[in-house]
Structures are given as C-alpha cells and as structure tokens.
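As stored in model.tsv (TSV, C-alpha atoms):
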chain	number	residue	atom	x	y	z
L	1	MET	CA	220.37	-32.52	-48.99
L	2	ALA	CA	219.70	-35.95	-47.46
L	3	CYS	CA	216.31	-36.97	-46.05
L	4	ALA	CA	216.41	-38.83	-42.75
L	5	ASP	CA	212.64	-39.27	-42.66
L	6	CYS	CA	210.62	-38.34	-45.77
L	7	CYS	CA	207.61	-37.55	-43.67
L	8	SER	CA	209.25	-35.64	-40.85
L	9	CYS	CA	212.60	-33.91	-41.38
L	10	CYS	CA	215.62	-33.43	-43.62
L	11	PHE	CA	219.23	-32.58	-42.99
L	12	ALA	CA	220.52	-29.57	-44.95
L	13	CYS	CA	224.24	-28.86	-45.40
L	14	VAL	CA	225.21	-25.25	-46.18
L	15	PRO	CA	228.78	-24.55	-47.45
L	16	GLU	CA	231.13	-22.04	-45.82
L	17	GLN	CA	230.65	-18.34	-46.69
L	18	SER	CA	227.04	-19.05	-47.70
L	19	VAL	CA	223.66	-19.06	-46.02
L	20	GLY	CA	220.45	-20.88	-46.80
L	21	ILE	CA	217.00	-19.31	-47.28
L	22	VAL	CA	214.37	-21.47	-45.56
L	23	GLU	CA	210.70	-21.12	-46.54
L	24	ASN	CA	207.78	-22.54	-44.68
L	25	LEU	CA	204.87	-23.35	-47.02
L	26	GLY	CA	206.25	-20.83	-49.54
L	27	LYS	CA	206.78	-18.06	-46.99
L	28	TYR	CA	210.13	-16.83	-45.77
L	29	ASP	CA	210.95	-18.43	-42.44
L	30	ARG	CA	214.60	-17.98	-41.52
L	31	VAL	CA	218.24	-18.02	-42.60
L	32	ILE	CA	220.39	-21.03	-41.76
L	33	SER	CA	224.13	-20.71	-41.22
L	34	PRO	CA	226.92	-22.81	-42.77
L	35	GLY	CA	227.03	-26.40	-41.58
L	36	LEU	CA	224.36	-28.99	-40.84
L	37	SER	CA	220.78	-27.87	-40.25
L	38	ILE	CA	217.43	-29.70	-39.82
L	39	VAL	CA	214.48	-28.68	-41.96
L	40	MET	CA	210.95	-30.01	-41.50
L	41	TRP	CA	210.21	-31.31	-44.97
L	42	PRO	CA	207.85	-31.07	-46.91
L	43	ILE	CA	206.39	-28.23	-44.88
L	44	ALA	CA	209.68	-26.32	-44.92
L	45	ASN	CA	212.46	-26.42	-47.45
L	46	VAL	CA	215.73	-24.66	-48.32
L	47	ARG	CA	214.69	-22.38	-51.17
L	48	SER	CA	218.17	-21.26	-52.21
L	49	LEU	CA	221.72	-20.53	-51.10
L	50	VAL	CA	223.08	-16.98	-50.95
L	51	SER	CA	226.84	-16.48	-51.18
L	52	LEU	CA	228.51	-14.07	-48.72
L	53	LYS	CA	231.76	-14.01	-50.70
L	54	ILE	CA	233.12	-10.89	-52.39
L	55	GLN	CA	232.11	-11.07	-56.04
L	56	GLN	CA	233.30	-9.17	-59.11
L	57	LEU	CA	231.23	-7.96	-62.02
L	58	ASP	CA	233.01	-6.76	-65.17
L	59	VAL	CA	231.08	-4.17	-67.15
L	60	LYS	CA	231.99	-2.84	-70.61
L	61	CYS	CA	230.30	0.41	-71.55
L	62	ASP	CA	230.48	2.28	-74.89
L	63	THR	CA	230.10	6.04	-74.69
L	64	LYS	CA	231.51	9.25	-76.18
L	65	THR	CA	233.40	12.20	-74.78
L	66	LYS	CA	232.76	15.92	-75.00
L	67	ASP	CA	234.90	16.17	-78.15
L	68	ASN	CA	232.80	13.44	-79.84
L	69	VAL	CA	235.32	10.60	-79.48
L	70	PHE	CA	233.73	7.17	-78.96
L	71	VAL	CA	235.42	5.09	-76.26
L	72	SER	CA	234.93	1.71	-74.61
L	73	VAL	CA	235.16	1.86	-70.81
L	74	ASN	CA	235.86	-1.28	-68.78
L	75	VAL	CA	234.62	-1.15	-65.18
L	76	ALA	CA	235.17	-3.74	-62.42
L	77	VAL	CA	232.63	-3.70	-59.54
L	78	LEU	CA	233.36	-5.56	-56.29
L	79	TYR	CA	230.35	-6.32	-54.10
L	80	ARG	CA	229.01	-8.69	-51.49
L	81	VAL	CA	225.84	-9.52	-49.55
L	82	GLU	CA	225.90	-8.68	-45.84
L	83	LEU	CA	224.45	-11.30	-43.49
L	84	GLU	CA	221.85	-8.95	-42.06
L	85	ASN	CA	220.65	-8.06	-45.57
L	86	VAL	CA	220.22	-11.56	-46.98
L	87	TYR	CA	216.41	-11.21	-47.10
L	88	ASP	CA	216.57	-7.99	-49.16
L	89	ALA	CA	219.26	-9.36	-51.48
L	90	PHE	CA	217.26	-12.50	-52.29
L	91	TYR	CA	213.67	-11.25	-52.43
L	92	LYS	CA	213.91	-7.67	-53.72
L	93	LEU	CA	215.93	-8.25	-56.92
L	94	THR	CA	215.46	-10.90	-59.58
L	95	ASP	CA	218.81	-10.25	-61.32
L	96	HIS	CA	221.19	-8.15	-59.26
L	97	ARG	CA	224.00	-8.33	-61.86
L	98	SER	CA	221.84	-6.72	-64.54
L	99	GLN	CA	220.76	-4.05	-62.05
L	100	ILE	CA	224.38	-3.20	-61.14
L	101	ARG	CA	225.33	-3.14	-64.83
L	102	SER	CA	222.49	-0.68	-65.58
L	103	TYR	CA	223.57	1.68	-62.81
L	104	VAL	CA	227.19	1.57	-64.04
L	105	PHE	CA	226.04	2.40	-67.59
L	106	ASP	CA	224.08	5.35	-66.27
L	107	GLY	CA	227.01	6.70	-64.20
L	108	ILE	CA	229.59	6.31	-66.97
L	109	ARG	CA	227.40	7.78	-69.70
L	110	SER	CA	226.55	10.80	-67.55
L	111	ALA	CA	230.20	11.56	-66.66
L	112	PHE	CA	232.19	11.03	-69.88
L	113	PRO	CA	230.18	13.40	-72.14
L	114	LYS	CA	231.19	16.26	-69.82
L	115	MET	CA	234.92	15.71	-70.42
L	116	GLU	CA	237.25	15.70	-73.39
L	117	LEU	CA	239.26	12.58	-74.17
L	118	ASP	CA	242.52	13.68	-72.55
L	119	GLU	CA	240.68	14.87	-69.45
L	120	SER	CA	238.81	11.59	-69.13
L	121	PHE	CA	242.09	9.66	-68.97
L	122	SER	CA	243.45	11.90	-66.22
L	123	SER	CA	240.13	11.97	-64.31
L	124	LYS	CA	239.17	8.31	-64.38
L	125	ASP	CA	239.66	7.96	-60.60
L	126	GLU	CA	237.23	10.83	-59.99
L	127	ILE	CA	234.71	9.24	-62.37
L	128	ALA	CA	235.07	5.86	-60.64
L	129	SER	CA	234.57	7.48	-57.23
L	130	HIS	CA	231.42	9.23	-58.48
L	131	VAL	CA	230.01	5.98	-59.89
L	132	LEU	CA	230.89	4.13	-56.67
L	133	THR	CA	229.07	6.67	-54.48
L	134	ASP	CA	225.88	6.51	-56.56
L	135	LEU	CA	226.02	2.73	-56.95
L	136	ARG	CA	226.60	2.13	-53.25
L	137	THR	CA	223.59	4.29	-52.31
L	138	LEU	CA	221.27	2.66	-54.83
L	139	MET	CA	222.25	-0.98	-54.21
L	140	LYS	CA	222.15	-0.64	-50.43
L	141	THR	CA	218.36	-0.64	-50.71
L	142	TYR	CA	218.55	-4.13	-52.19
L	143	GLY	CA	220.91	-5.54	-49.58
L	144	TYR	CA	224.17	-5.34	-51.55
L	145	ASN	CA	227.27	-3.62	-50.27
L	146	ILE	CA	229.36	-2.17	-53.13
L	147	LEU	CA	232.98	-2.35	-51.98
L	148	GLU	CA	234.85	-0.87	-54.93
L	149	CYS	CA	234.34	0.42	-58.45
L	150	LEU	CA	237.40	0.56	-60.71
L	151	ILE	CA	237.77	1.87	-64.25
L	152	THR	CA	240.33	-0.60	-65.54
L	153	ASP	CA	240.61	0.58	-69.14
L	154	ILE	CA	239.54	3.36	-71.51
L	155	THR	CA	239.89	2.34	-75.15
L	156	PRO	CA	239.22	4.92	-77.88
L	157	ASP	CA	238.27	3.97	-81.41
L	158	PRO	CA	241.25	2.48	-83.34
L	159	SER	CA	241.33	5.40	-85.78
L	160	VAL	CA	241.50	7.82	-82.84
L	161	GLN	CA	244.32	5.78	-81.30
L	162	ARG	CA	246.31	6.01	-84.53
L	163	ALA	CA	245.71	9.77	-84.69
L	164	MET	CA	246.83	10.19	-81.07
L	165	ASN	CA	249.98	8.19	-81.73
L	166	GLU	CA	250.76	10.35	-84.77
L	167	ILE	CA	250.23	13.52	-82.73
L	168	ASN	CA	252.57	12.27	-80.01
L	169	ALA	CA	255.15	11.23	-82.59
L	170	SER	CA	254.98	14.66	-84.26
L	171	GLN	CA	255.38	16.43	-80.92
L	172	ARG	CA	258.40	14.30	-80.03
L	173	LEU	CA	259.96	14.94	-83.45
L	174	ARG	CA	259.39	18.68	-83.01
L	175	HIS	CA	261.06	18.61	-79.59
L	176	ALA	CA	263.94	16.57	-80.98
L	177	ALA	CA	264.41	19.07	-83.84
L	178	ALA	CA	264.37	21.96	-81.36
L	179	PHE	CA	266.97	20.28	-79.15
L	180	LYS	CA	269.13	19.49	-82.18
L	181	ALA	CA	268.93	23.09	-83.43
L	182	GLU	CA	269.82	24.37	-79.96
L	183	ALA	CA	272.81	22.03	-79.83
L	184	GLU	CA	273.99	23.19	-83.26
L	185	LYS	CA	273.56	26.81	-82.15
L	186	ILE	CA	275.70	26.18	-79.08
L	187	LEU	CA	278.38	24.54	-81.23
L	188	LEU	CA	278.42	27.51	-83.63
L	189	VAL	CA	278.58	30.02	-80.79
L	190	LYS	CA	281.39	28.15	-79.09
L	191	ALA	CA	283.25	27.80	-82.39
L	192	ALA	CA	282.88	31.54	-83.03
L	193	GLU	CA	284.09	32.34	-79.51
L	194	ALA	CA	287.04	30.00	-79.94
L	195	ASP	CA	287.90	31.56	-83.32
L	196	SER	CA	287.66	35.07	-81.86
L	197	GLU	CA	289.86	34.12	-78.93
L	198	SER	CA	292.34	32.44	-81.27
L	199	LYS	CA	292.56	35.51	-83.50
L	200	TYR	CA	292.99	37.73	-80.47
L	201	LEU	CA	295.83	35.59	-79.18
L	202	VAL	CA	297.42	35.51	-82.66
L	203	GLY	CA	297.21	39.32	-82.77
L	204	VAL	CA	298.80	39.58	-79.35
L	205	GLY	CA	301.55	37.23	-80.47
L	206	VAL	CA	302.19	39.17	-83.68
L	207	ALA	CA	302.27	42.45	-81.74
L	208	LYS	CA	304.79	41.03	-79.28
L	209	GLN	CA	306.82	39.59	-82.15
L	210	ARG	CA	306.95	42.93	-83.94
L	211	LYS	CA	307.85	44.75	-80.73
L	212	ALA	CA	310.68	42.31	-80.14
L	213	ILE	CA	311.90	42.79	-83.73
L	214	MET	CA	311.81	46.57	-83.32
L	215	ASP	CA	313.68	46.35	-80.01
L	216	GLY	CA	316.28	44.12	-81.66
L	217	LEU	CA	316.63	46.42	-84.65
L	218	ARG	CA	317.00	49.42	-82.39
L	219	GLY	CA	319.76	47.72	-80.44
L	220	SER	CA	321.49	46.49	-83.61
L	221	ILE	CA	321.52	49.99	-85.12
L	222	SER	CA	322.97	51.50	-81.96
L	223	GLU	CA	325.69	48.84	-81.65
L	224	PHE	CA	326.64	48.99	-85.34
L	225	SER	CA	326.85	52.79	-85.34
L	226	GLU	CA	329.15	52.71	-82.32
L	227	ALA	CA	331.36	49.91	-83.70
L	228	VAL	CA	331.81	51.23	-87.28
L	229	ALA	CA	333.07	54.77	-87.59
L	230	GLY	CA	331.23	56.92	-90.09
L	231	ALA	CA	328.24	54.50	-90.41
L	232	GLY	CA	324.89	56.14	-90.06
L	233	PRO	CA	321.43	54.73	-89.38
L	234	LYS	CA	320.73	54.70	-93.13
L	235	ASP	CA	323.63	52.29	-93.78
L	236	VAL	CA	322.53	50.01	-90.98
L	237	MET	CA	318.96	49.90	-92.33
L	238	ASP	CA	320.28	48.98	-95.79
L	239	ILE	CA	322.24	46.07	-94.32
L	240	LEU	CA	319.24	44.89	-92.26
L	241	LEU	CA	316.94	45.12	-95.27
L	242	LEU	CA	319.44	43.15	-97.35
L	243	THR	CA	319.63	40.45	-94.67
L	244	GLN	CA	315.87	40.16	-94.39
L	245	TYR	CA	315.56	40.17	-98.18
L	246	PHE	CA	317.77	37.10	-98.46
L	247	ASP	CA	315.99	35.44	-95.53
L	248	THR	CA	312.70	35.98	-97.35
L	249	LEU	CA	314.08	34.43	-100.54
L	250	LYS	CA	315.26	31.46	-98.49
L	251	ASP	CA	311.83	30.95	-96.90
L	252	VAL	CA	310.11	31.20	-100.28
L	253	GLY	CA	312.48	28.66	-101.76
L	254	LEU	CA	311.81	26.12	-99.04
L	255	ASN	CA	309.31	23.42	-100.09
L	256	THR	CA	307.08	22.73	-97.08
L	257	GLY	CA	304.51	20.75	-99.04
L	258	ASN	CA	304.61	17.37	-100.75
L	259	ILE	CA	307.83	16.61	-102.65
L	260	GLN	CA	305.83	15.52	-105.68
L	261	THR	CA	304.01	18.89	-105.84
L	262	PRO	CA	306.73	21.54	-105.33
L	263	LYS	CA	305.86	25.24	-105.05
L	264	THR	CA	307.59	27.62	-107.51
L	265	LEU	CA	307.45	31.41	-107.37
L	266	PHE	CA	309.00	33.79	-109.94
L	267	LEU	CA	310.25	37.05	-108.38
L	268	PRO	CA	312.26	39.90	-109.96
L	269	HIS	CA	315.76	39.90	-108.51
L	270	GLY	CA	318.84	42.08	-109.02
L	271	PRO	CA	321.48	44.10	-107.19
L	272	GLN	CA	319.16	47.10	-107.07
L	273	SER	CA	316.30	45.17	-105.44
L	274	VAL	CA	317.23	46.16	-101.92
L	275	THR	CA	317.59	49.84	-102.90
L	276	HIS	CA	314.21	49.81	-104.58
L	277	LEU	CA	312.67	48.08	-101.57
L	278	ARG	CA	314.12	50.68	-99.17
L	279	LYS	CA	312.98	53.54	-101.42
L	280	GLU	CA	309.43	52.14	-101.67
L	281	LEU	CA	309.23	51.71	-97.91
L	282	ALA	CA	310.49	55.26	-97.32
L	283	ASP	CA	308.03	56.69	-99.87
L	284	SER	CA	305.13	54.82	-98.27
L	285	PHE	CA	306.09	56.05	-94.79
L	286	MET	CA	306.37	59.66	-96.02
L	287	SER	CA	303.05	59.39	-97.88
L	288	GLY	CA	301.35	58.08	-94.75
L	289	LEU	CA	302.74	60.89	-92.64
L	290	GLY	CA	301.64	63.49	-95.22
L	291	ASN	CA	298.07	62.16	-95.28
L	292	ALA	CA	297.94	62.17	-91.48
L	293	ASN	CA	299.12	65.80	-91.34
L	294	LYS	CA	296.51	66.86	-93.93
L	295	LYS	CA	293.73	65.29	-91.87
L	296	LYS	CA	294.88	67.19	-88.80

Could the structure of this file be written out as structure tokens, please?
Amino acid sequence: MACADCCSCCFACVPEQSVGIVENLGKYDRVISPGLSIVMWPIANVRSLVSLKIQQLDVKCDTKTKDNVFVSVNVAVLYRVELENVYDAFYKLTDHRSQIRSYVFDGIRSAFPKMELDESFSSKDEIASHVLTDLRTLMKTYGYNILECLITDITPDPSVQRAMNEINASQRLRHAAAFKAEAEKILLVKAAEADSESKYLVGVGVAKQRKAIMDGLRGSISEFSEAVAGAGPKDVMDILLLTQYFDTLKDVGLNTGNIQTPKTLFLPHGPQSVTHLRKELADSFMSGLGNANKKK
C-alpha cells in the first residue's frame, strides 16, 4: 500500500483471486476488487485481504469403531469463500479452520462408533458424504462453501494391523490347502479311472487271446485227427500239452533282466511230467463239473 497524500488518500493494490475489506473509522464500509483502488486514509483503511481461492484443510481424527478398534482417520476438506459472502466469512468467525476441524471431529466420531472395522473401510464414501452434508450446512452460515470432504486414509492401531494381516494370511493358506487337496483328489480319481480302464482293456485282451488259442486248438485237433488215421482227440491234446510244456520251459529259461543278476528257477522235470500235467488238468475239470452239478 503506497500513500499518494498522507492527509488525503492512499492507493491499495489487491492481488488476483482476493478481495479487500475496507473499514471506515472502524466500521465495515465495502469490499474492493483485485487491482488498484483508492482509499481515503486515515479515515478509511484496508482492514484485511480475503482469499477467494479453493483451500484445503487436512484433519486427522482418532476414534474407535463398534468392535472397539481404535483408528486414525485422515480427512481432506476443500472449501472457499464466495464473493457475496465475504462479510460473513471475515466478521462472523475468528478462526474458520478450527471451526471446520471441530465439525469434522464431530461427524467422524458420531459415524465410526456405529460400524465395525471392516464395514468402516467399505463405507468410507458414505461417511464422507454424511460429514460433507452436515459441514456444508453449518459453514454456509459463516460464508464458507464446502466443496468436498474426502476420507483419504483409515489407519488402525499397529497391533490390529498385524492381527488383520495374520488373519488374511491364514485364510489364504486355508484356501491354498483346500485347492491343493482338491487337485490331489482329482489326480487320485483320474489315476483310479485310468487303472480301472487299463485293467478292463487287459481283461478284454486276455479274453480275446484265450478265445484265439481255443479256436486254434480246435482247428489243430480237427486237422490232426483227419490227417493221422487212428489218432483221437486225447492224443492230440497230449501233443499240444507237450509242446506248450516245452515252450513254458523255454520262457522260464530266458533271462529278461540284468545279465549280472540272472533268474534261476528249479522245477521237477521228467518224461512223465506231461502225463501228470494232463491228469491234473482232467481231474480239476472233473472236480469243477461235479461241484457245479451238486450246487444245481
């Protein structure tokens, strides 16, 4: 402020986005706009400048939830003074920042005790909207327009944070164990199904193999009986048993394992082995037929 004439007038310069409060002999006179203005000093003077910019007030409030968990809530309040309300904003409140902070404390401490911790995290937008509505109504009386109220952070006590992390870790481990058990179950079921299918196919193969052997034996017996005069089915069966007996001995004698660890089997062998084998087979067949007839 530069005085052109100490006894008559002064030039007052007001910065952009601000207004000046002019008082005449201590009484409110008018509001001067940004730029150069003339004030009749010392009768009138520029008492103060009021900013019209959007301002931010950060508020940190400690409270507790319904489940008795203490939390620190950080709130950001955006506000400004409207040009038509400059008089109310300057003369009705001594410290508008403390007044806004008190209203925020009241709104936060009335909302959080009604909710549990998890609910407060998910409902912070609703809480902020409730605080904004009340704050806007109350501060409008004093010439301040509350533009926005944001809950930027909710910080529980460190011990509660550690407990929450442990709970989340335990839940994730439980889910991982359940998924692992389900995967192992699927593997076992699939392995059992594969084993069952494999055994079924092996059974089908064995059945087809035995049918083919029986068809071959039947044809061999018929051809041998026709080619050799006086040969009966009994003679043909003895020859086939003898052939299979020697084939079995050959297979047993083959070493399919490691050369350094040969397999050795001791079996009774003699000219009468085939006769004994045929007799034992015939006795077993007759015994089986007898038991079946008794059951009938």

Excluding Asn85 in chain L and residues on its chain fewer than 2 positions from it, collect all residues at most 10 Å away from it, counting only C-alpha atoms, and give them as a list in words. Val81, Glu82, Leu83, Tyr87, Asp88, Ala89, Phe90, Lys140, Thr141, Tyr142, Gly143, Tyr144 and Asn145 of chain L

Select, from L:Cys149, L:Ala177, L:Ala207, L:Val14, the residue with the minimum atom-to-atom distance to Ala76 in chain L, counting all atoms listed in the file.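 When distances to Ala76 in chain L are compared using all atoms listed in the file, the smallest one comes from L:Cys149.
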
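Taking CA of Ser33 in chain L as the reference point, CA of Ser48 in chain L is found at 12.5 Å.
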
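If all atoms listed in the file are the atoms counted, then among L:Asp67, L:Glu182, L:Glu126, L:Glu84 the closest residue to Ile151 in chain L is L:Glu126.
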
Near His130 in chain L, within 10 Å and counting only C-alpha atoms, which residues show up once chain neighbours fewer than 5 positions away are dropped, as a list of chain:residue names? L:Gly107, L:Ile108, L:Ala111, L:Lys124, L:Asp125, L:Leu135, L:Cys149

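Shortest separation to Arg101 in chain L among L:Asp58, L:Ala128, L:Gly35, L:Val189 occurs at residue L:Asp58, atoms counted being all atoms listed in the file.
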
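Look at Asp62 in chain L: the protein and nucleic acid residues within 7 Å of it, using only C-alpha atoms and passing over chain neighbours fewer than 2 places away, are Lys60, Val71, Ser72 and Val73 of chain L.
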
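In this model, the gap between CA of Ser110 in chain L and CA of Leu147 in chain L comes to 21.4 Å.
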
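The space between CA of Ser51 in chain L and CA of Arg80 in chain L spans 8.1 Å.
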
At a cut-off of 10 Å, using only C-alpha atoms, what residues contact range 22-29 of chain L? Leave out same-chain residues fewer than 4 positions from it and give the result as an mmCIF file with C-alpha atoms, in the frame of the given file.
data_model
loop_
_atom_site.group_PDB
_atom_site.id
_atom_site.type_symbol
_atom_site.label_atom_id
_atom_site.label_comp_id
_atom_site.auth_asym_id
_atom_site.auth_seq_id
_atom_site.Cartn_x
_atom_site.Cartn_y
_atom_site.Cartn_z
ATOM 1 C CA VAL L 39 214.480 -28.680 -41.960
ATOM 2 C CA MET L 40 210.950 -30.010 -41.500
ATOM 3 C CA TRP L 41 210.210 -31.310 -44.970
ATOM 4 C CA PRO L 42 207.850 -31.070 -46.910
ATOM 5 C CA ILE L 43 206.390 -28.230 -44.880
ATOM 6 C CA ALA L 44 209.680 -26.320 -44.920
ATOM 7 C CA ASN L 45 212.460 -26.420 -47.450
ATOM 8 C CA VAL L 46 215.730 -24.660 -48.320
ATOM 9 C CA ARG L 47 214.690 -22.380 -51.170
ATOM 10 C CA SER L 48 218.170 -21.260 -52.210
ATOM 11 C CA LEU L 49 221.720 -20.530 -51.100
ATOM 12 C CA TYR L 87 216.410 -11.210 -47.100
ATOM 13 C CA TYR L 91 213.670 -11.250 -52.430
#
